[in-house]
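Asks: After the structure tokens below, expect a handful of questions from me.
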Amino acid sequence: MQISTPLLTCEAVLAESAFHLGSSAVVLALVEDEMLQLAFDCSKNLPQLQDLARRYEDRKPDLADLCLIRMSELNPRHVVITVDESDFRVYRRNKRETIPTLCPPK
């Protein structure tokens, strides 16, 4: 699979990535270099995010996961790149569609 840039993302994913990498500067540099593009507005998708939060309440999804599920609904031709393979095997877009994912090798 070939990946083309920019990769679409949201603020919640940037925050989670900065936390895990231990560096906001690295994440912000990816945005500045246009490797990542902010392409989601939580406020415009609030009802859908709330519905997803209720649907997957038993899995305790974080906001980044909910945003990625919703972004997958809005951009169905895009693949979700995630390290959270176990949850994204369960999550569904549009209530029943498998979300195509790309996960790093273990």
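Every chain in the structure tokens has a letter given in the order shown (A, B, ...), and although residue numbers restart at 1 in each chain, ligands are simply numbered from 1 in the order shown.
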Residues of range 33-72 of chain A that have any atom at most 10 Å from an atom of range 16-26 of chain A: could you tabulate them with the shortest-distance atom pair and the distance in Å to one decimal, using only C-alpha atoms, ordered by chain and increasing number, as a Markdown table?

Replies:
```
| residue | atom | partner | partner_atom | distance |
| --- | --- | --- | --- | --- |
| A:Asp62 | CA | A:Glu16 | CA | 9.4 |
| A:Leu63 | CA | A:Glu16 | CA | 9.3 |
| A:Ala64 | CA | A:Glu16 | CA | 7.3 |
```

Asks: Let me see the file: selected residues, C-alpha atoms, as a PDB file, in the first residue's frame.

Replies:
```pdb
ATOM      1  CA  ASP A  62     -10.889   7.930  23.805  1.00  0.00           C
ATOM      2  CA  LEU A  63     -11.821  11.016  21.821  1.00  0.00           C
ATOM      3  CA  ALA A  64      -9.145  10.292  19.206  1.00  0.00           C
TER       4      ALA A  64
END
```

Asks: Apply DSSP to the structure's backbone, then extract all residues of chain A labelled helix (DSSP H, G or I) and return them as a ChimeraX atom specification.

Replies: /A:11-21,24-32,42-55,57-59,63-74,85-90

Asks: Using only C-alpha atoms for the distances, tell me which of A:Leu68, A:Pro47, A:Arg59, A:His78 is nearest to Thr5 in chain A.

Replies: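 Using only C-alpha atoms, Thr5 in chain A sits closest to A:His78.
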
Asks: If we count only C-alpha atoms and set the cut-off at 8 Å, which residues sit around range 98-102 of chain A, ignoring sequence neighbours fewer than 6 positions away in its own chain? Please answer as a CSV table (one decimal) with all heavy atoms, in the first residue's frame.

Replies:
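Printed below is out07.csv as written:
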```csv
chain,number,residue,atom,x,y,z
A,69,ILE,N,-13.1,7.2,13.9
A,69,ILE,CA,-14.3,6.5,13.4
A,69,ILE,C,-15.2,7.4,12.5
A,69,ILE,O,-15.5,7.1,11.4
A,69,ILE,CB,-15.2,5.9,14.5
A,69,ILE,CG1,-14.4,4.8,15.3
A,69,ILE,CG2,-16.4,5.2,13.9
A,69,ILE,CD1,-15.0,4.4,16.6
A,72,SER,N,-13.6,8.3,9.3
A,72,SER,CA,-13.7,7.2,8.3
A,72,SER,C,-15.1,7.2,7.7
A,72,SER,O,-15.2,6.8,6.5
A,72,SER,CB,-13.5,5.9,9.1
A,72,SER,OG,-13.5,4.8,8.2
A,78,HIS,N,-10.5,6.5,2.5
A,78,HIS,CA,-9.2,6.6,3.3
A,78,HIS,C,-9.1,5.4,4.2
A,78,HIS,O,-10.1,4.9,4.8
A,78,HIS,CB,-9.2,7.9,4.0
A,78,HIS,CG,-9.0,9.1,3.1
A,78,HIS,ND1,-7.9,9.8,3.1
A,78,HIS,CD2,-9.9,9.6,2.2
A,78,HIS,CE1,-8.1,10.8,2.2
A,78,HIS,NE2,-9.3,10.7,1.7
A,79,VAL,N,-7.9,5.0,4.5
A,79,VAL,CA,-7.6,4.0,5.4
A,79,VAL,C,-7.2,4.6,6.7
A,79,VAL,O,-6.5,5.7,6.7
A,79,VAL,CB,-6.4,3.1,4.9
A,79,VAL,CG1,-5.9,2.2,5.9
A,79,VAL,CG2,-6.8,2.4,3.6
A,80,VAL,N,-7.6,4.1,7.9
A,80,VAL,CA,-7.2,4.6,9.2
A,80,VAL,C,-5.9,3.9,9.6
A,80,VAL,O,-5.7,2.7,9.6
A,80,VAL,CB,-8.3,4.3,10.2
A,80,VAL,CG1,-7.8,4.7,11.6
A,80,VAL,CG2,-9.5,5.0,9.9
A,81,ILE,N,-4.9,4.8,9.8
A,81,ILE,CA,-3.6,4.3,10.3
A,81,ILE,C,-3.6,4.3,11.8
A,81,ILE,O,-3.8,5.4,12.4
A,81,ILE,CB,-2.4,5.1,9.7
A,81,ILE,CG1,-2.4,5.1,8.2
A,81,ILE,CG2,-1.1,4.7,10.3
A,81,ILE,CD1,-1.4,6.1,7.6
A,82,THR,N,-3.4,3.2,12.5
A,82,THR,CA,-3.5,3.1,13.9
A,82,THR,C,-2.6,2.1,14.5
A,82,THR,O,-2.3,1.1,13.9
A,82,THR,CB,-5.0,2.9,14.3
A,82,THR,OG1,-5.1,2.9,15.7
A,82,THR,CG2,-5.5,1.5,13.8
A,85,GLU,N,-5.0,-1.7,17.0
A,85,GLU,CA,-5.6,-2.7,16.1
A,85,GLU,C,-6.8,-3.4,16.7
A,85,GLU,O,-7.8,-3.6,16.1
A,85,GLU,CB,-4.5,-3.7,15.7
A,85,GLU,CG,-5.0,-4.7,14.6
A,85,GLU,CD,-3.9,-5.5,14.2
A,85,GLU,OE1,-2.7,-5.5,14.7
A,85,GLU,OE2,-4.1,-6.3,13.2
A,88,PHE,N,-9.9,-1.2,16.7
A,88,PHE,CA,-10.4,-0.9,15.4
A,88,PHE,C,-10.9,-2.1,14.6
A,88,PHE,O,-11.6,-2.0,13.6
A,88,PHE,CB,-9.4,-0.1,14.6
A,88,PHE,CG,-9.5,1.4,14.8
A,88,PHE,CD1,-8.8,1.9,15.9
A,88,PHE,CD2,-10.4,2.2,14.1
A,88,PHE,CE1,-9.0,3.3,16.2
A,88,PHE,CE2,-10.5,3.5,14.4
A,88,PHE,CZ,-9.8,4.1,15.4
A,89,ARG,N,-10.7,-3.3,15.2
A,89,ARG,CA,-11.3,-4.5,14.6
A,89,ARG,C,-12.8,-4.6,15.1
A,89,ARG,O,-13.6,-5.3,14.4
A,89,ARG,CB,-10.6,-5.8,15.1
A,89,ARG,CG,-9.3,-6.0,14.4
A,89,ARG,CD,-8.7,-7.3,14.8
A,89,ARG,NE,-7.4,-7.5,14.1
A,89,ARG,CZ,-6.7,-8.5,14.2
A,89,ARG,NH1,-7.0,-9.5,15.0
A,89,ARG,NH2,-5.5,-8.7,13.5
A,91,TYR,N,-14.6,-1.6,16.2
A,91,TYR,CA,-15.3,-0.4,15.7
A,91,TYR,C,-15.9,-0.6,14.3
A,91,TYR,O,-15.3,-1.2,13.5
A,91,TYR,CB,-14.4,0.8,15.7
A,91,TYR,CG,-13.9,1.2,17.1
A,91,TYR,CD1,-12.6,1.8,17.2
A,91,TYR,CD2,-14.6,1.0,18.3
A,91,TYR,CE1,-12.1,2.2,18.4
A,91,TYR,CE2,-14.1,1.4,19.5
A,91,TYR,CZ,-12.8,2.0,19.5
A,91,TYR,OH,-12.3,2.4,20.8
A,92,ARG,N,-17.0,0.0,14.1
A,92,ARG,CA,-17.7,0.0,12.7
A,92,ARG,C,-18.0,1.4,12.3
A,92,ARG,O,-18.5,2.2,13.2
A,92,ARG,CB,-18.9,-0.9,12.7
A,92,ARG,CG,-18.7,-2.3,13.0
A,92,ARG,CD,-17.9,-3.0,11.9
A,92,ARG,NE,-17.7,-4.4,12.0
A,92,ARG,CZ,-16.6,-4.9,12.4
A,92,ARG,NH1,-15.5,-4.2,12.7
A,92,ARG,NH2,-16.4,-6.2,12.5
```

Asks: If DSSP is run on the backbone, what residues of chain A are strand (DSSP E)? A reply as a PyMOL selection string would be ideal.

Replies: chain A and resi 7-9+36-38+80-81+92-93+97-98+101-102

Asks: Rounded to one decimal in Å, what is the spacing between CA of Leu52 in chain A and CA of Asp84 in chain A?

Replies: 16.7 Å

Asks: Record the distance separating CA of Arg96 in chain A and CA of Tyr56 in chain A, expressed in Å with one decimal.

Replies: 12.8 Å

Asks: Any idea what's packed within 7 Å of Glu73 in chain A, counting only C-alpha atoms, ignoring anything in its chain fewer than 3 positions away? Could you give it as a ChimeraX atom specification?

Replies: /A:69-70,76,93-94

Asks: Just how far from CA of Ser86 in chain A is CA of Cys42 in chain A, in Å to one decimal?

Replies: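 Pair CA of Cys42 in chain A / CA of Ser86 in chain A returns 24.0 Å.
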